[in-house]
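Asker: Sharing structure-v5.cif (mmCIF, C-alpha atoms, pLDDT in the B column; chains and numbers go by the auth columns) below.
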data_run
#
loop_
_atom_site.group_PDB
_atom_site.id
_atom_site.type_symbol
_atom_site.label_atom_id
_atom_site.label_comp_id
_atom_site.label_asym_id
_atom_site.label_seq_id
_atom_site.Cartn_x
_atom_site.Cartn_y
_atom_site.Cartn_z
_atom_site.B_iso_or_equiv
_atom_site.auth_seq_id
_atom_site.auth_asym_id
ATOM 1 C CA MET A 1 -67.898 -16.742 -84.802 79.00 256 Y
ATOM 2 C CA ARG A 2 -67.248 -18.093 -81.340 85.00 257 Y
ATOM 3 C CA ALA A 3 -63.944 -19.898 -81.007 87.00 258 Y
ATOM 4 C CA PRO A 4 -61.690 -20.921 -78.097 88.00 259 Y
ATOM 5 C CA GLN A 5 -58.957 -18.451 -77.196 86.00 260 Y
ATOM 6 C CA GLN A 6 -55.459 -19.246 -75.928 88.00 261 Y
ATOM 7 C CA VAL A 7 -53.448 -17.068 -73.545 89.00 262 Y
ATOM 8 C CA ILE A 8 -49.774 -17.532 -74.382 92.00 263 Y
ATOM 9 C CA LYS A 9 -46.765 -16.329 -72.374 91.00 264 Y
ATOM 10 C CA ARG A 10 -43.594 -15.604 -74.327 91.00 265 Y
ATOM 11 C CA ALA A 11 -40.251 -14.926 -72.705 90.00 266 Y
ATOM 12 C CA ASN A 12 -36.798 -14.158 -74.048 90.00 267 Y
ATOM 13 C CA ARG A 13 -34.159 -15.842 -71.950 90.00 268 Y
ATOM 14 C CA PHE A 14 -30.438 -15.362 -71.595 92.00 269 Y
ATOM 15 C CA THR A 15 -28.670 -18.724 -71.766 91.00 270 Y
ATOM 16 C CA LEU A 16 -25.117 -19.802 -71.145 91.00 271 Y
ATOM 17 C CA PHE A 17 -24.090 -23.090 -72.735 91.00 272 Y
ATOM 18 C CA PHE A 18 -27.767 -24.030 -73.226 89.00 273 Y
ATOM 19 C CA VAL A 19 -28.607 -23.370 -69.543 90.00 274 Y
ATOM 20 C CA PRO A 20 -31.307 -20.685 -69.135 84.00 275 Y
ATOM 21 C CA LEU A 21 -30.141 -18.128 -66.559 90.00 276 Y
ATOM 22 C CA PHE A 22 -32.819 -15.418 -66.525 89.00 277 Y
ATOM 23 C CA SER A 23 -35.672 -13.946 -68.527 88.00 278 Y
ATOM 24 C CA PHE A 24 -35.286 -10.368 -69.712 88.00 279 Y
ATOM 25 C CA SER A 25 -38.456 -9.871 -71.745 88.00 280 Y
ATOM 26 C CA LYS A 26 -41.947 -11.256 -71.140 90.00 281 Y
ATOM 27 C CA LYS A 27 -45.194 -10.666 -72.970 93.00 282 Y
ATOM 28 C CA HIS A 28 -48.612 -12.267 -73.119 94.00 283 Y
ATOM 29 C CA VAL A 29 -50.770 -12.650 -76.191 94.00 284 Y
ATOM 30 C CA ASN A 30 -54.293 -13.874 -76.807 92.00 285 Y
ATOM 31 C CA ARG A 31 -54.513 -16.174 -79.852 93.00 286 Y
ATOM 32 C CA CYS A 32 -57.738 -17.031 -81.661 92.00 287 Y
ATOM 33 C CA THR A 33 -57.855 -20.732 -82.536 91.00 288 Y
ATOM 34 C CA ASN A 34 -60.095 -20.036 -85.544 92.00 289 Y
ATOM 35 C CA CYS A 35 -58.082 -17.439 -87.473 92.00 290 Y
ATOM 36 C CA GLY A 36 -54.733 -17.362 -85.638 89.00 291 Y
ATOM 37 C CA ALA A 37 -54.903 -13.612 -84.898 91.00 292 Y
ATOM 38 C CA GLU A 38 -52.926 -12.465 -81.854 93.00 293 Y
ATOM 39 C CA THR A 39 -53.574 -9.534 -79.518 93.00 294 Y
ATOM 40 C CA GLN A 40 -51.150 -8.373 -76.840 94.00 295 Y
ATOM 41 C CA LEU A 41 -52.472 -8.460 -73.279 93.00 296 Y
ATOM 42 C CA SER A 42 -51.561 -6.519 -70.158 92.00 297 Y
ATOM 43 C CA ALA A 43 -50.844 -8.351 -66.896 89.00 298 Y
ATOM 44 C CA GLU A 44 -54.283 -7.351 -65.574 92.00 299 Y
ATOM 45 C CA GLN A 45 -56.013 -8.747 -68.657 92.00 300 Y
ATOM 46 C CA VAL A 46 -54.124 -12.030 -68.311 90.00 301 Y
ATOM 47 C CA GLN A 47 -55.114 -12.357 -64.653 91.00 302 Y
ATOM 48 C CA HIS A 48 -58.753 -11.596 -65.449 91.00 303 Y
ATOM 49 C CA SER A 49 -58.747 -14.122 -68.312 86.00 304 Y
ATOM 50 C CA LEU A 50 -57.341 -16.883 -66.140 84.00 305 Y
ATOM 51 C CA GLU A 51 -59.766 -16.149 -63.277 90.00 306 Y
ATOM 52 C CA TRP A 52 -62.738 -16.133 -65.657 87.00 307 Y
ATOM 53 C CA SER A 53 -61.627 -19.402 -67.232 84.00 308 Y
ATOM 54 C CA ALA A 54 -61.273 -21.081 -63.828 89.00 309 Y
ATOM 55 C CA SER A 55 -64.766 -19.924 -62.780 92.00 310 Y
ATOM 56 C CA GLN A 56 -66.330 -21.445 -65.938 85.00 311 Y
ATOM 57 C CA ARG A 57 -65.174 -24.979 -65.149 79.00 312 Y
#
Will you turn the file into structure tokens for me?
Answerer:
Amino acid sequence: MRAPQQVIKRANRFTLFFVPLFSFSKKHVNRCTNCGAETQLSAEQVQHSLEWSASQR
């Protein structure tokens, strides 16, 4: 089945009194909007995904 995919960036941030200071962990996942399955992506895969999406508009 063909379904839209979402590229999601997740980051863990260190905060001090609710003020985010810096991110110490980042990861990207690809989420299927049909079934909700997630697959981790490398930085190169994320860049390729975003470039392909922009060229399809």
Asker: Any chance you could work out the axis-aligned box around segment 282-291 of chain Y, listed atoms only, 6 Å on each side, giving centre and edge lengths in Å to one decimal, as lines of an AutoDock Vina configuration file?
Answerer:
center_x = -52.6
center_y = -15.7
center_z = -80.2
size_x = 26.9
size_y = 22.1
size_z = 26.5
Asker: Within 10 Å of Asn289 of chain Y, counting all atoms listed in the file, which residues show up once you throw out same-chain ones fewer than 3 positions away? Write them as a list of chain:residue names, please.
Answerer: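 Returned residues: Y:Met256, Y:Arg257, Y:Ala258, Y:Pro259, Y:Gln260, Y:Arg286, Y:Ala292.
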Asker: Pick the closest to Cys290 of chain Y from Y:Gln311, Y:Gln261, Y:Phe273, Y:Glu306: which is it, counting only C-alpha atoms?
Answerer: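 Under the stated criterion, the closest residue is Y:Gln261.
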Asker: Check what the PyMOL selection byres ((chain Y and resi 298) around 12) selects in the file above and give those residues as JSON, numbers by chain.
Answerer: {"Y": [262, 263, 264, 281, 282, 283, 284, 285, 295, 296, 297, 299, 300, 301, 302, 303, 304, 305]}
Asker: Output the residue selection produced by the PyMOL selection byres ((chain Y and resi 280) around 8) on the file above, formatted as an MDAnalysis selection string.
Answerer: chainID Y and resid 266:268 278:279 281:282
Asker: Missing atoms in segment 284-303 of chain Y: fill them in up to N, CA, C and O atoms and send the result as a PDB file, keeping the file's coordinate frame.
Answerer:
ATOM      1  N   VAL Y 284     -49.908 -12.882 -75.038  1.00 94.00           N
ATOM      2  CA  VAL Y 284     -50.770 -12.650 -76.191  1.00 94.00           C
ATOM      3  C   VAL Y 284     -51.994 -13.555 -76.088  1.00 94.00           C
ATOM      4  O   VAL Y 284     -51.952 -14.617 -75.467  1.00 94.00           O
ATOM      5  N   ASN Y 285     -53.066 -13.109 -76.694  1.00 92.00           N
ATOM      6  CA  ASN Y 285     -54.293 -13.874 -76.807  1.00 92.00           C
ATOM      7  C   ASN Y 285     -54.392 -14.327 -78.256  1.00 92.00           C
ATOM      8  O   ASN Y 285     -54.375 -13.508 -79.161  1.00 92.00           O
ATOM      9  N   ARG Y 286     -54.463 -15.640 -78.493  1.00 93.00           N
ATOM     10  CA  ARG Y 286     -54.513 -16.174 -79.852  1.00 93.00           C
ATOM     11  C   ARG Y 286     -55.876 -16.818 -80.102  1.00 93.00           C
ATOM     12  O   ARG Y 286     -56.339 -17.644 -79.334  1.00 93.00           O
ATOM     13  N   CYS Y 287     -56.478 -16.441 -81.215  1.00 92.00           N
ATOM     14  CA  CYS Y 287     -57.738 -17.031 -81.661  1.00 92.00           C
ATOM     15  C   CYS Y 287     -57.426 -18.362 -82.348  1.00 92.00           C
ATOM     16  O   CYS Y 287     -56.578 -18.414 -83.237  1.00 92.00           O
ATOM     17  N   THR Y 288     -58.119 -19.425 -81.939  1.00 91.00           N
ATOM     18  CA  THR Y 288     -57.855 -20.732 -82.536  1.00 91.00           C
ATOM     19  C   THR Y 288     -58.514 -20.877 -83.904  1.00 91.00           C
ATOM     20  O   THR Y 288     -58.175 -21.787 -84.650  1.00 91.00           O
ATOM     21  N   ASN Y 289     -59.432 -19.978 -84.249  1.00 92.00           N
ATOM     22  CA  ASN Y 289     -60.095 -20.036 -85.544  1.00 92.00           C
ATOM     23  C   ASN Y 289     -59.244 -19.402 -86.637  1.00 92.00           C
ATOM     24  O   ASN Y 289     -58.988 -20.001 -87.666  1.00 92.00           O
ATOM     25  N   CYS Y 290     -58.795 -18.160 -86.414  1.00 92.00           N
ATOM     26  CA  CYS Y 290     -58.082 -17.439 -87.473  1.00 92.00           C
ATOM     27  C   CYS Y 290     -56.588 -17.262 -87.198  1.00 92.00           C
ATOM     28  O   CYS Y 290     -55.834 -16.877 -88.082  1.00 92.00           O
ATOM     29  N   GLY Y 291     -56.145 -17.498 -85.966  1.00 89.00           N
ATOM     30  CA  GLY Y 291     -54.733 -17.362 -85.638  1.00 89.00           C
ATOM     31  C   GLY Y 291     -54.301 -15.949 -85.292  1.00 89.00           C
ATOM     32  O   GLY Y 291     -53.122 -15.700 -85.064  1.00 89.00           O
ATOM     33  N   ALA Y 292     -55.246 -14.998 -85.238  1.00 91.00           N
ATOM     34  CA  ALA Y 292     -54.903 -13.612 -84.898  1.00 91.00           C
ATOM     35  C   ALA Y 292     -54.425 -13.528 -83.450  1.00 91.00           C
ATOM     36  O   ALA Y 292     -54.894 -14.261 -82.582  1.00 91.00           O
ATOM     37  N   GLU Y 293     -53.474 -12.636 -83.200  1.00 93.00           N
ATOM     38  CA  GLU Y 293     -52.926 -12.465 -81.854  1.00 93.00           C
ATOM     39  C   GLU Y 293     -53.085 -11.021 -81.405  1.00 93.00           C
ATOM     40  O   GLU Y 293     -52.901 -10.099 -82.192  1.00 93.00           O
ATOM     41  N   THR Y 294     -53.422 -10.845 -80.121  1.00 93.00           N
ATOM     42  CA  THR Y 294     -53.574  -9.534 -79.518  1.00 93.00           C
ATOM     43  C   THR Y 294     -52.749  -9.516 -78.245  1.00 93.00           C
ATOM     44  O   THR Y 294     -52.852 -10.429 -77.424  1.00 93.00           O
ATOM     45  N   GLN Y 295     -51.936  -8.476 -78.068  1.00 94.00           N
ATOM     46  CA  GLN Y 295     -51.150  -8.373 -76.840  1.00 94.00           C
ATOM     47  C   GLN Y 295     -52.056  -8.082 -75.662  1.00 94.00           C
ATOM     48  O   GLN Y 295     -53.057  -7.375 -75.790  1.00 94.00           O
ATOM     49  N   LEU Y 296     -51.699  -8.636 -74.498  1.00 93.00           N
ATOM     50  CA  LEU Y 296     -52.472  -8.460 -73.279  1.00 93.00           C
ATOM     51  C   LEU Y 296     -51.613  -7.839 -72.188  1.00 93.00           C
ATOM     52  O   LEU Y 296     -50.414  -8.110 -72.098  1.00 93.00           O
ATOM     53  N   SER Y 297     -52.249  -7.048 -71.337  1.00 92.00           N
ATOM     54  CA  SER Y 297     -51.561  -6.519 -70.158  1.00 92.00           C
ATOM     55  C   SER Y 297     -51.617  -7.588 -69.062  1.00 92.00           C
ATOM     56  O   SER Y 297     -52.375  -8.564 -69.159  1.00 92.00           O
ATOM     57  N   ALA Y 298     -50.857  -7.390 -68.001  1.00 89.00           N
ATOM     58  CA  ALA Y 298     -50.844  -8.351 -66.896  1.00 89.00           C
ATOM     59  C   ALA Y 298     -52.225  -8.456 -66.253  1.00 89.00           C
ATOM     60  O   ALA Y 298     -52.662  -9.544 -65.858  1.00 89.00           O
ATOM     61  N   GLU Y 299     -52.942  -7.335 -66.153  1.00 92.00           N
ATOM     62  CA  GLU Y 299     -54.283  -7.351 -65.574  1.00 92.00           C
ATOM     63  C   GLU Y 299     -55.249  -8.151 -66.440  1.00 92.00           C
ATOM     64  O   GLU Y 299     -56.079  -8.899 -65.933  1.00 92.00           O
ATOM     65  N   GLN Y 300     -55.143  -8.005 -67.745  1.00 92.00           N
ATOM     66  CA  GLN Y 300     -56.013  -8.747 -68.657  1.00 92.00           C
ATOM     67  C   GLN Y 300     -55.741 -10.244 -68.579  1.00 92.00           C
ATOM     68  O   GLN Y 300     -56.666 -11.051 -68.640  1.00 92.00           O
ATOM     69  N   VAL Y 301     -54.483 -10.611 -68.433  1.00 90.00           N
ATOM     70  CA  VAL Y 301     -54.124 -12.030 -68.311  1.00 90.00           C
ATOM     71  C   VAL Y 301     -54.724 -12.608 -67.041  1.00 90.00           C
ATOM     72  O   VAL Y 301     -55.341 -13.674 -67.058  1.00 90.00           O
ATOM     73  N   GLN Y 302     -54.581 -11.884 -65.932  1.00 91.00           N
ATOM     74  CA  GLN Y 302     -55.114 -12.357 -64.653  1.00 91.00           C
ATOM     75  C   GLN Y 302     -56.627 -12.507 -64.738  1.00 91.00           C
ATOM     76  O   GLN Y 302     -57.183 -13.514 -64.296  1.00 91.00           O
ATOM     77  N   HIS Y 303     -57.298 -11.529 -65.309  1.00 91.00           N
ATOM     78  CA  HIS Y 303     -58.753 -11.596 -65.449  1.00 91.00           C
ATOM     79  C   HIS Y 303     -59.158 -12.777 -66.322  1.00 91.00           C
ATOM     80  O   HIS Y 303     -60.115 -13.492 -66.014  1.00 91.00           O
TER      81      HIS Y 303
END
